[in-house]
Amino acid sequence: MKTTEGNNGATMTITANDVKNLIKKKDDIEEQIKAYYDVLEDGVGVEGSLVDAEGFPRSDVNLYQIRAARHNISCLQNDHKAIMVDIEEALHKLHAREKSKHEQDELQQAEAMEQDVPRPSPFARVDGVTQGSPACRAGIRVGDEVIEFGSVNAGNFQNLANIASVVQHSEGKPLRVSVIRDDQPTHMSLTPQNWPGRGLLGCNIVPIPRGDS
């Protein structure tokens with residue numbers, strides 16, 4: 001078992017070899033128990049009486065050997081129970097560590113894949129949001145750089161008429177809006193709808209000139 005230093009001091013890290021060593025110790029104990037049982041089988045067994053009909057120690061068996069075998073079997077059985085507990089705990093810790101390592105590997109792989117995927121370019125910027133408007137309730141903020149507005153993205157955006165068309169055809173329906181905020185992608189659901197203010201959104205969006213993103 002390897003000793004590692006953690007927040008709570010030294011801790012034991014279980015390895016596959018540790019489990020193998022524990023299993024070997026278990027097998028050795030079982031072999032010893034079997035050997036002592038073989039000794040008893042040649043005599044009076046585990047429960048046989050060690051005195052004769054008149055209450056005297058039997059002279060036809062090796063009493064010392066039998067008592068020693070019975071005592072050793074009792075001790076070894078306790079050792080066997082203890083090591084079985086150790087094996088169960090070691091297997092549990094080993095499986096938990098392997099599961100944690102597998103999950104960590106998957107997370108690192110997913111992060112690496114995300115880093116490999118190029119970030120979409122923003123094509124518009126939010127330069128005004130009215131309090132209480134649908135855009136405000138959706139979480140849109142001034143300075144957000146739009147990379148997706150419903151079906152509109154940097155690849156098909158030509159002018160603000162594209163966004164206006166999507167808004168008109170999506171009144172009362174949620175639109176997926178993705179923006180770059182604090183250099184991180186943020187996703188929101190915006191539902192164009194009538195409200196006490198002007199328009200269906202309550203925000204002002206301006207195009208980002210090509211090469212300015």
# chains A, B, ... in the order shown; residues from 1 in each chain; ligands from 1
>>> residues_around(residues="Val206 (chain A)", least_positions_apart="5", cutoff="12 Å", atoms="only C-alpha atoms", output="ChimeraX atom specification")
/A:122-128,142-146,159-161,163-164
>>> select_by_dssp(residues="region 12-212 of chain A", states="alpha helix (DSSP H)", output="JSON, numbers by chain")
{"A": [16, 17, 18, 19, 20, 21, 22, 23, 24, 25, 26, 27, 28, 29, 30, 31, 32, 33, 34, 35, 36, 37, 38, 39, 40, 41, 63, 64, 65, 66, 67, 68, 69, 70, 71, 72, 73, 74, 75, 76, 77, 78, 79, 80, 81, 82, 83, 84, 85, 86, 87, 88, 89, 90, 91, 92, 93, 94, 95, 96, 97, 98, 99, 100, 101, 102, 103, 104, 105, 106, 107, 108, 109, 110, 111, 112, 113, 114, 115, 116, 134, 135, 136, 137, 138, 160, 161, 162, 163, 164, 165, 166, 167, 168, 169]}
>>> residues_around(residues="Gly199 (chain A)", least_positions_apart="4", cutoff="12 Å", atoms="only C-alpha atoms", output="NGL selection string")
:A and (129-130 or 133-135 or 164 or 167-168 or 171 or 192-195 or 203-204)
>>> write_last_selection(atoms="C-alpha atoms", output="mmCIF file, in the first residue's frame")
data_model
loop_
_atom_site.group_PDB
_atom_site.id
_atom_site.type_symbol
_atom_site.label_atom_id
_atom_site.label_comp_id
_atom_site.auth_asym_id
_atom_site.auth_seq_id
_atom_site.Cartn_x
_atom_site.Cartn_y
_atom_site.Cartn_z
ATOM 1 C CA VAL A 129 -31.231 46.337 -22.649
ATOM 2 C CA THR A 130 -34.424 47.797 -21.169
ATOM 3 C CA SER A 133 -38.188 43.592 -21.161
ATOM 4 C CA PRO A 134 -38.191 40.015 -22.549
ATOM 5 C CA ALA A 135 -34.442 40.356 -23.221
ATOM 6 C CA ALA A 164 -35.684 40.852 -37.245
ATOM 7 C CA VAL A 167 -37.987 37.551 -34.151
ATOM 8 C CA GLN A 168 -41.165 38.195 -36.158
ATOM 9 C CA GLU A 171 -43.309 35.607 -31.421
ATOM 10 C CA PRO A 192 -40.061 37.475 -28.313
ATOM 11 C CA GLN A 193 -43.385 38.876 -27.120
ATOM 12 C CA ASN A 194 -45.393 42.043 -26.635
ATOM 13 C CA TRP A 195 -44.598 43.968 -23.482
ATOM 14 C CA CYS A 203 -32.853 45.285 -26.449
ATOM 15 C CA ASN A 204 -30.702 46.962 -29.071
#
>>> closest_residue(among="A:Val39, A:Leu91, A:Asp18, A:Arg176", to="Arg67 (chain A)", atoms="only C-alpha atoms")
A:Val39
>>> closest_residue(among="A:Pro207, A:Pro118, A:Gly155, A:Gly55", to="Pro185 (chain A)", atoms="only C-alpha atoms")
A:Pro118
>>> select_by_dssp(residues="chain A", states="strand (DSSP E)", output="number ranges by chain")
A: 2-6, 9-13, 124-129, 145-149, 152-153, 175-181, 184-190, 203-207
>>> residues_around(residues="His80 (chain A)", least_positions_apart="3", cutoff="8 Å", atoms="only C-alpha atoms", output="ChimeraX atom specification")
/A:26,29-30,76-77,83-84
>>> write_last_selection(atoms="N, CA and C atoms", output="PDB file, in the first residue's frame")
ATOM      1  N   LYS A  26      -4.843 -14.831   2.659  1.00  0.00           N
ATOM      2  CA  LYS A  26      -6.063 -15.601   2.934  1.00  0.00           C
ATOM      3  C   LYS A  26      -5.874 -17.067   2.539  1.00  0.00           C
ATOM      4  N   ILE A  29      -3.685 -18.870   5.001  1.00  0.00           N
ATOM      5  CA  ILE A  29      -4.416 -19.193   6.238  1.00  0.00           C
ATOM      6  C   ILE A  29      -5.310 -20.404   6.021  1.00  0.00           C
ATOM      7  N   GLU A  30      -5.988 -20.438   4.884  1.00  0.00           N
ATOM      8  CA  GLU A  30      -6.871 -21.576   4.590  1.00  0.00           C
ATOM      9  C   GLU A  30      -6.074 -22.876   4.478  1.00  0.00           C
ATOM     10  N   LEU A  76      -6.641 -19.159  13.748  1.00  0.00           N
ATOM     11  CA  LEU A  76      -6.584 -18.935  12.304  1.00  0.00           C
ATOM     12  C   LEU A  76      -7.947 -18.568  11.726  1.00  0.00           C
ATOM     13  N   GLN A  77      -9.008 -19.124  12.289  1.00  0.00           N
ATOM     14  CA  GLN A  77     -10.345 -18.767  11.820  1.00  0.00           C
ATOM     15  C   GLN A  77     -10.651 -17.294  12.099  1.00  0.00           C
ATOM     16  N   ILE A  83      -9.100 -10.990   7.731  1.00  0.00           N
ATOM     17  CA  ILE A  83      -8.515 -10.700   6.418  1.00  0.00           C
ATOM     18  C   ILE A  83      -9.589 -10.641   5.336  1.00  0.00           C
ATOM     19  N   MET A  84     -10.700 -11.371   5.519  1.00  0.00           N
ATOM     20  CA  MET A  84     -11.799 -11.262   4.568  1.00  0.00           C
ATOM     21  C   MET A  84     -12.400  -9.860   4.604  1.00  0.00           C
TER      22      MET A  84
END
>>> atom_distance(atom1="CA of Gly139 (chain A)", atom2="CA of Phe157 (chain A)")
22.6 Å
>>> atom_distance(atom1="CA of Ala112 (chain A)", atom2="CA of Thr186 (chain A)")
19.1 Å
>>> atom_distance(atom1="CA of His102 (chain A)", atom2="CA of Ile14 (chain A)")
16.0 Å
>>> closest_residue(among="A:Asp182, A:Glu89, A:Glu98, A:Asp38", to="Arg141 (chain A)", atoms="only C-alpha atoms")
A:Asp182
>>> closest_residue(among="A:Leu50, A:Leu201, A:Met113, A:Val19", to="Lys93 (chain A)", atoms="only C-alpha atoms")
A:Val19
>>> closest_residue(among="A:Ala68, A:Ala138, A:Phe149, A:Glu103", to="Met188 (chain A)", atoms="only C-alpha atoms")
A:Ala138
